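Below is one structure, written out as structure tokens; the observations come after it.
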Amino acid sequence: MAQITASVYTSHVPAIGAAIDLGKTTEPYWQPLFKGYEFSKQWMKDNTPDVIFLVYNDHATAFSLEMIPTFAIGCAAEFTPADEGWGPRPVPQVIGHPELAAHIAQSVIQDDFDLTIVNKMDVDHGLTVPLSLMCGQPTAWPCPVIPFAVNVVQYPVPSGQRCYNLGKAIGRAIASYDQPLKVQIWGTGGMSHQLQGPRAGLINKEFDNAFLDRLIADPEGQAKVPHIDYVREAGSEGIELVMWLIARGAMSTKPPKVLHRFYHVPASNTAVGHLILENQV
Amino acid sequence: MSLDKPYLDVPGTTIFDAEQSRKGYHLNQFCMSLMKAANRERFKANERAYLDEWPMSEDQKLAVLARDLNRCISLGGNIYFLAKIGATDGKSFQQMAGSMTGMSEEEYRNMMISGGRSANGNRRIGEDGDAQAHHQPQDKKASA
């Protein structure tokens, strides 16, 4: 049977992708950030999974206002890195895992979560920046990836509680897949940031670190935090953090082993948070 | 029954909800069209003519021409869509975000390097933080 070996959490700031692509990672502005991912890249090499289930959000790239799915699972054989207006990132094609994706879609929909099945989709920085942070600049990504896009652009976005419950359903779906696959689930986005209006630039280190503490030790409690708390405390775009609860919900109920924790301000407009949690079964 | 919108009292912040999305549909879809290089070229060649191809309000078109992102947002624009205009202009996300704060590019960048804008005083309208309307230089200019 397939099993979730670990969950990974990271911000997915587009400027981080640009810094990698333009060879700026050793510049003084960026060096402290990338230092925080050195452990992670080595860990990824030593613990390469068979599949990554990657929870992220699309930023008006694959989904315009024509269609706004709340939860969309990528079931295609491959996904092309998108041109978001600055030209496509020079990163490898993302290879999917249609068999496991279809299995998860069927299981999770039967579990009362109405996923949108997507068979054709470009993927933006929300998906490719976490891969770059964890894998560096390989000629091919180390394993197949199932993109799972969550609407956090147009309110109302799904609640933390719904995300957490969905994660549990995804965990059950993966556990019922009849192949011995090692699966990592990643939750991306955040941490505190606001990109719009006179309040742009908001950062809240206290909120972010309390979120990290609670995500590790009390995810049930964190899941109950309403949207408005994220908006007020972590900025209008800080709401992306609800996606971390999907990955956390998919983990075993036993306390996870914290393999790595990192926090840094700023990357462009954003606070960067990062965790690697090993699943304890 | 009225809708629950607890976010209307957050200063300097417009939440892109279903109502804003309805108001901004054509504005945001215009922005999406700039993801194609050929459309970016046509827009740059004659911005007004390109905008006139879209069923946007005159206010929305003027806000785009002025690159007034705060105004675009109040008229239903969303920052991830508006970012396509910035990309067309060769602006970074930080430059775009900073342009809405009344700060210079350098001031905004320095604020971020020193830890960003504090939430203190900026959680609710009526407090005394730097994102409140009475501390915003662009609002002061407007009322001067």
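Here, A, B, ... name the chains of the structure tokens in the order displayed, residue numbers run from 1 inside each chain, and ligands are numbered from 1 in the same displayed order.
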
Checklist line | All residues 10 Å or closer to segment 104-113 of chain B, only C-alpha atoms, same chain fewer than 5 positions away omitted, as a PyMOL selection string | finding: (chain A and resi 29+200-203+265-271) or (chain B and resi 94-99+118)

Write out the residues from the selection above, keeping C-alpha atoms, as a short mmCIF file (atom, residue, chain, number, x, y, z; two decimals), in the first residue's frame.
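Wrote again-v6.cif, looks like this:
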data_model
loop_
_atom_site.label_atom_id
_atom_site.label_comp_id
_atom_site.auth_asym_id
_atom_site.auth_seq_id
_atom_site.Cartn_x
_atom_site.Cartn_y
_atom_site.Cartn_z
CA TYR A 29 19.83 39.73 0.07
CA ALA A 200 0.85 46.13 1.50
CA GLY A 201 4.06 44.89 3.09
CA LEU A 202 2.46 43.63 6.28
CA ILE A 203 4.56 41.01 8.10
CA VAL A 265 11.94 37.84 6.48
CA PRO A 266 11.79 39.08 3.77
CA ALA A 267 11.59 37.54 0.35
CA SER A 268 10.31 40.46 -1.68
CA ASN A 269 6.95 41.25 0.04
CA THR A 270 6.70 38.05 2.04
CA ALA A 271 7.71 36.16 5.18
CA GLN B 94 7.60 44.44 -5.10
CA GLN B 95 7.47 47.56 -7.25
CA MET B 96 3.75 47.01 -7.82
CA ALA B 97 2.95 46.38 -4.17
CA GLY B 98 5.02 49.37 -3.12
CA SER B 99 3.23 51.64 -5.58
CA SER B 118 3.69 45.99 11.61
#

Up to 8 Å from chain A, what residues of chain B turn up? Count only C-alpha atoms and give them as a CSV table (one decimal) with C-alpha atoms, in the first residue's frame.
chain,number,residue,atom,x,y,z
B,6,PRO,CA,-16.1,40.5,8.7
B,7,TYR,CA,-13.2,41.8,6.6
B,10,VAL,CA,-9.4,46.1,7.8
B,11,PRO,CA,-7.6,49.3,6.9
B,12,GLY,CA,-5.9,49.7,3.5
B,13,THR,CA,-7.3,46.3,2.3
B,14,THR,CA,-9.9,45.3,-0.2
B,15,ILE,CA,-10.9,41.6,-0.1
B,16,PHE,CA,-11.5,40.2,-3.5
B,17,ASP,CA,-14.8,38.6,-2.9
B,18,ALA,CA,-17.6,37.5,-5.2
B,21,SER,CA,-15.1,39.8,-8.7
B,25,TYR,CA,-14.7,40.7,-14.3
B,28,ASN,CA,-9.4,41.2,-14.8
B,29,GLN,CA,-10.0,39.4,-18.0
B,32,MET,CA,-5.4,38.0,-18.4
B,34,LEU,CA,-1.7,40.3,-21.4
B,35,MET,CA,-0.3,36.8,-20.7
B,36,LYS,CA,0.0,36.5,-24.5
B,37,ALA,CA,3.1,38.3,-25.9
B,69,LEU,CA,-3.5,50.0,-8.7
B,70,ASN,CA,-5.5,51.2,-5.7
B,73,ILE,CA,-8.6,47.3,-6.9
B,79,ILE,CA,-3.7,42.0,-7.6
B,80,TYR,CA,-2.8,38.7,-9.2
B,81,PHE,CA,-4.6,39.8,-12.4
B,84,LYS,CA,0.0,41.1,-15.7
B,87,ALA,CA,4.7,42.4,-16.1
B,88,THR,CA,3.9,44.1,-19.3
B,90,GLY,CA,8.6,45.3,-16.7
B,93,PHE,CA,5.8,42.4,-7.7
B,94,GLN,CA,7.6,44.4,-5.1
B,97,ALA,CA,2.9,46.4,-4.2
B,98,GLY,CA,5.0,49.4,-3.1
B,100,MET,CA,0.0,51.2,-3.6
B,101,THR,CA,1.5,52.4,-0.2
B,102,GLY,CA,2.4,56.0,-1.0
B,108,TYR,CA,9.2,50.3,0.6
B,109,ARG,CA,12.1,48.0,-0.1
B,111,MET,CA,10.7,48.7,5.1
B,112,MET,CA,10.6,45.1,4.0
B,113,ILE,CA,14.3,44.5,4.7
B,115,GLY,CA,11.0,43.3,8.9
B,116,GLY,CA,7.9,44.7,7.0
B,117,ARG,CA,4.9,46.7,8.1
B,118,SER,CA,3.7,46.0,11.6
B,119,ALA,CA,0.2,44.7,12.2
B,122,ASN,CA,-3.3,48.2,11.3
B,123,ARG,CA,-5.8,45.6,12.3
B,124,ARG,CA,-9.0,47.7,12.3
B,130,ASP,CA,0.8,53.5,9.2
B,131,ALA,CA,-1.7,51.9,6.8
B,132,GLN,CA,-4.6,53.9,8.2
B,136,GLN,CA,-1.3,57.6,4.0

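The neighbours of His12 of chain A here are the residues that come within 9 Å of it, using only C-alpha atoms and leaving out any residue fewer than 2 positions away in the same chain; they are Thr10, Pro14, Ala15, Ile16, Gly17, Tyr56, His125, Gly126, Leu127, Thr128, Val129, Pro130, Leu133, Thr188, Gly189, Gly190 and Val272 of chain A.
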
Output C-alpha atoms for every residue in that selection, as a compact mmCIF listing (two decimals), in the first residue's frame.
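Saved the output as result_35.txt:
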# COMPACT_ATOMS: atom_id res chain seq x y z
CA THR A 10 7.19 26.20 2.29
CA PRO A 14 7.81 34.24 -7.22
CA ALA A 15 10.90 36.38 -6.55
CA ILE A 16 12.59 33.29 -5.06
CA GLY A 17 12.15 31.55 -8.40
CA TYR A 56 -0.52 25.09 -4.00
CA HIS A 125 5.31 29.65 -9.52
CA GLY A 126 3.06 28.36 -6.75
CA LEU A 127 4.08 24.85 -7.78
CA THR A 128 7.50 25.31 -9.37
CA VAL A 129 9.14 27.51 -6.70
CA PRO A 130 8.72 24.88 -3.95
CA LEU A 133 13.72 25.24 -3.30
CA THR A 188 2.78 25.71 0.15
CA GLY A 189 2.12 29.46 0.20
CA GLY A 190 2.25 32.07 2.94
CA VAL A 272 9.15 32.75 4.35

Next item on the list: Compile the contact shell of Pro255 of chain A as a list in words: residues with an atom at most 9 Å away, counting only C-alpha atoms, same-chain residues fewer than 5 positions apart removed.
Entry: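 Everything that qualifies: Ile216, Ala217, Asn279 and Gln280 of chain A.
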
Next item on the list: Find the residues near segment 54-57 of chain B: any atom within 12 Å, counting only C-alpha atoms, skip ones fewer than 3 places away on the same chain, and give them as a ChimeraX atom specification.
Entry: /B:22-33,43,47-51,60-64,72,75-77

Check: With distances taken over only C-alpha atoms, which of A:Asp50, A:Asp114, A:Glu78, A:Glu240 is nearest to Val94 of chain A?
Finding: A:Glu78

Next item on the list: Select from segment 156-202 of chain A everything DSSP, run on the backbone, classes as helix (DSSP H, G or I), then give the selection as a ChimeraX atom specification.
Entry: /A:160-175

Next item on the list: Run DSSP on the backbone and give me the residues of segment 77-214 of chain A it puts in strand (DSSP E), as number ranges by chain.
Entry: A: 78-79, 94-95, 116-118, 145-150, 182-188

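With atom CA of Ala247 of chain A on one side and atom CA of Ser159 of chain A on the other, the separation reads 14.2 Å.
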
Next item on the list: Excluding Val91 of chain A and any residue of its chain fewer than 3 positions from it, enumerate the residues within 9 Å of it, using only C-alpha atoms, and give them as a PyMOL selection string.
Entry: chain A and resi 21+81+88+94+128+132+137-141

Write to file, as a PDB file, in the first residue's frame, the residues of the selection just made, with N, CA and C atoms.
ATOM      1  N   ASP A  21      16.625  31.390 -10.871  1.00  0.00           N
ATOM      2  CA  ASP A  21      16.783  31.343 -12.328  1.00  0.00           C
ATOM      3  C   ASP A  21      17.860  32.314 -12.813  1.00  0.00           C
ATOM      4  N   PRO A  81       5.315  24.320 -17.189  1.00  0.00           N
ATOM      5  CA  PRO A  81       5.493  25.570 -16.441  1.00  0.00           C
ATOM      6  C   PRO A  81       4.993  26.766 -17.255  1.00  0.00           C
ATOM      7  N   PRO A  88       8.177  31.982 -19.361  1.00  0.00           N
ATOM      8  CA  PRO A  88       8.147  30.788 -18.510  1.00  0.00           C
ATOM      9  C   PRO A  88       9.456  30.600 -17.748  1.00  0.00           C
ATOM     10  N   VAL A  94       6.818  19.235 -15.598  1.00  0.00           N
ATOM     11  CA  VAL A  94       6.359  18.512 -14.405  1.00  0.00           C
ATOM     12  C   VAL A  94       5.627  17.251 -14.863  1.00  0.00           C
ATOM     13  N   THR A 128       6.110  25.544  -8.957  1.00  0.00           N
ATOM     14  CA  THR A 128       7.503  25.310  -9.372  1.00  0.00           C
ATOM     15  C   THR A 128       8.522  25.889  -8.381  1.00  0.00           C
ATOM     16  N   SER A 132      11.825  24.004  -6.873  1.00  0.00           N
ATOM     17  CA  SER A 132      13.180  24.554  -7.007  1.00  0.00           C
ATOM     18  C   SER A 132      13.860  24.658  -5.645  1.00  0.00           C
ATOM     19  N   GLN A 137      18.336  22.865  -9.128  1.00  0.00           N
ATOM     20  CA  GLN A 137      18.129  23.066 -10.564  1.00  0.00           C
ATOM     21  C   GLN A 137      18.478  21.816 -11.369  1.00  0.00           C
ATOM     22  N   PRO A 138      17.751  20.728 -11.160  1.00  0.00           N
ATOM     23  CA  PRO A 138      18.043  19.501 -11.907  1.00  0.00           C
ATOM     24  C   PRO A 138      17.527  19.604 -13.352  1.00  0.00           C
ATOM     25  N   THR A 139      17.989  18.681 -14.221  1.00  0.00           N
ATOM     26  CA  THR A 139      17.479  18.669 -15.596  1.00  0.00           C
ATOM     27  C   THR A 139      16.099  18.024 -15.652  1.00  0.00           C
ATOM     28  N   ALA A 140      15.784  17.193 -14.647  1.00  0.00           N
ATOM     29  CA  ALA A 140      14.424  16.643 -14.525  1.00  0.00           C
ATOM     30  C   ALA A 140      14.087  16.615 -13.043  1.00  0.00           C
ATOM     31  N   TRP A 141      12.829  16.858 -12.681  1.00  0.00           N
ATOM     32  CA  TRP A 141      12.426  16.748 -11.279  1.00  0.00           C
ATOM     33  C   TRP A 141      12.593  15.310 -10.822  1.00  0.00           C
TER      34      TRP A 141
END

Would you list the contacts of Ser176 of chain A as a short mmCIF file (atom, residue, chain, number, x, y, z; two decimals) with N, CA and C atoms, in the first residue's frame, taking every protein, DNA or RNA residue within 10 Å and counting only C-alpha atoms, but skipping same-chain residues closer than 2 positions in sequence?
data_model
loop_
_atom_site.label_atom_id
_atom_site.label_comp_id
_atom_site.auth_asym_id
_atom_site.auth_seq_id
_atom_site.Cartn_x
_atom_site.Cartn_y
_atom_site.Cartn_z
N MET A 1 0.84 -1.20 0.00
CA MET A 1 0.00 0.00 0.00
C MET A 1 0.88 1.25 0.00
N ALA A 2 0.33 2.32 -0.57
CA ALA A 2 1.08 3.59 -0.57
C ALA A 2 1.09 4.18 0.84
N GLN A 3 2.13 4.92 1.15
CA GLN A 3 2.19 5.55 2.47
C GLN A 3 2.77 6.96 2.37
N HIS A 103 -7.01 7.78 -8.66
CA HIS A 103 -7.43 7.02 -7.46
C HIS A 103 -7.82 7.99 -6.34
N ILE A 104 -6.98 9.01 -6.13
CA ILE A 104 -7.28 9.97 -5.06
C ILE A 104 -8.56 10.73 -5.38
N SER A 107 -11.56 8.50 -4.65
CA SER A 107 -11.72 8.25 -3.22
C SER A 107 -12.20 9.50 -2.48
N ILE A 170 -7.58 12.93 1.88
CA ILE A 170 -6.47 12.63 0.96
C ILE A 170 -5.55 11.58 1.58
N GLY A 171 -5.32 11.71 2.88
CA GLY A 171 -4.50 10.72 3.58
C GLY A 171 -5.11 9.32 3.47
N ARG A 172 -6.43 9.23 3.68
CA ARG A 172 -7.11 7.93 3.55
C ARG A 172 -7.00 7.40 2.13
N ALA A 173 -7.15 8.30 1.15
CA ALA A 173 -7.10 7.89 -0.25
C ALA A 173 -5.72 7.31 -0.59
N ILE A 174 -4.68 7.99 -0.15
CA ILE A 174 -3.33 7.52 -0.45
C ILE A 174 -3.08 6.17 0.22
N ASP A 178 -3.19 0.68 -3.97
CA ASP A 178 -2.66 -0.67 -3.90
C ASP A 178 -1.28 -0.81 -4.56
N GLN A 179 -0.40 0.13 -4.35
CA GLN A 179 0.98 0.04 -4.85
C GLN A 179 1.88 0.55 -3.72
#

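Distances from A:Thr25, A:Thr5, A:Gln161, A:Asn57 to Ile73 of chain A were compared using only C-alpha atoms, and the smallest one belongs to A:Asn57.
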
Note to self: When you count only C-alpha atoms, which of these residues is closest to Met67 of chain A: A:Asn209, A:Ser252, A:Thr116, A:Ser7?
What the structure shows: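 Comparing A:Asn209, A:Ser252, A:Thr116, A:Ser7 against Met67 of chain A, the winner is A:Thr116.
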
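Here atom CA of Leu212 of chain A and atom CA of Met251 of chain A stand 15.4 Å from one another.
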
Notebook entry, point to check: What gap, in Å, lies between atom CA of Asn151 of chain A and atom CA of Tyr177 of chain A?
Noted result: 26.4 Å
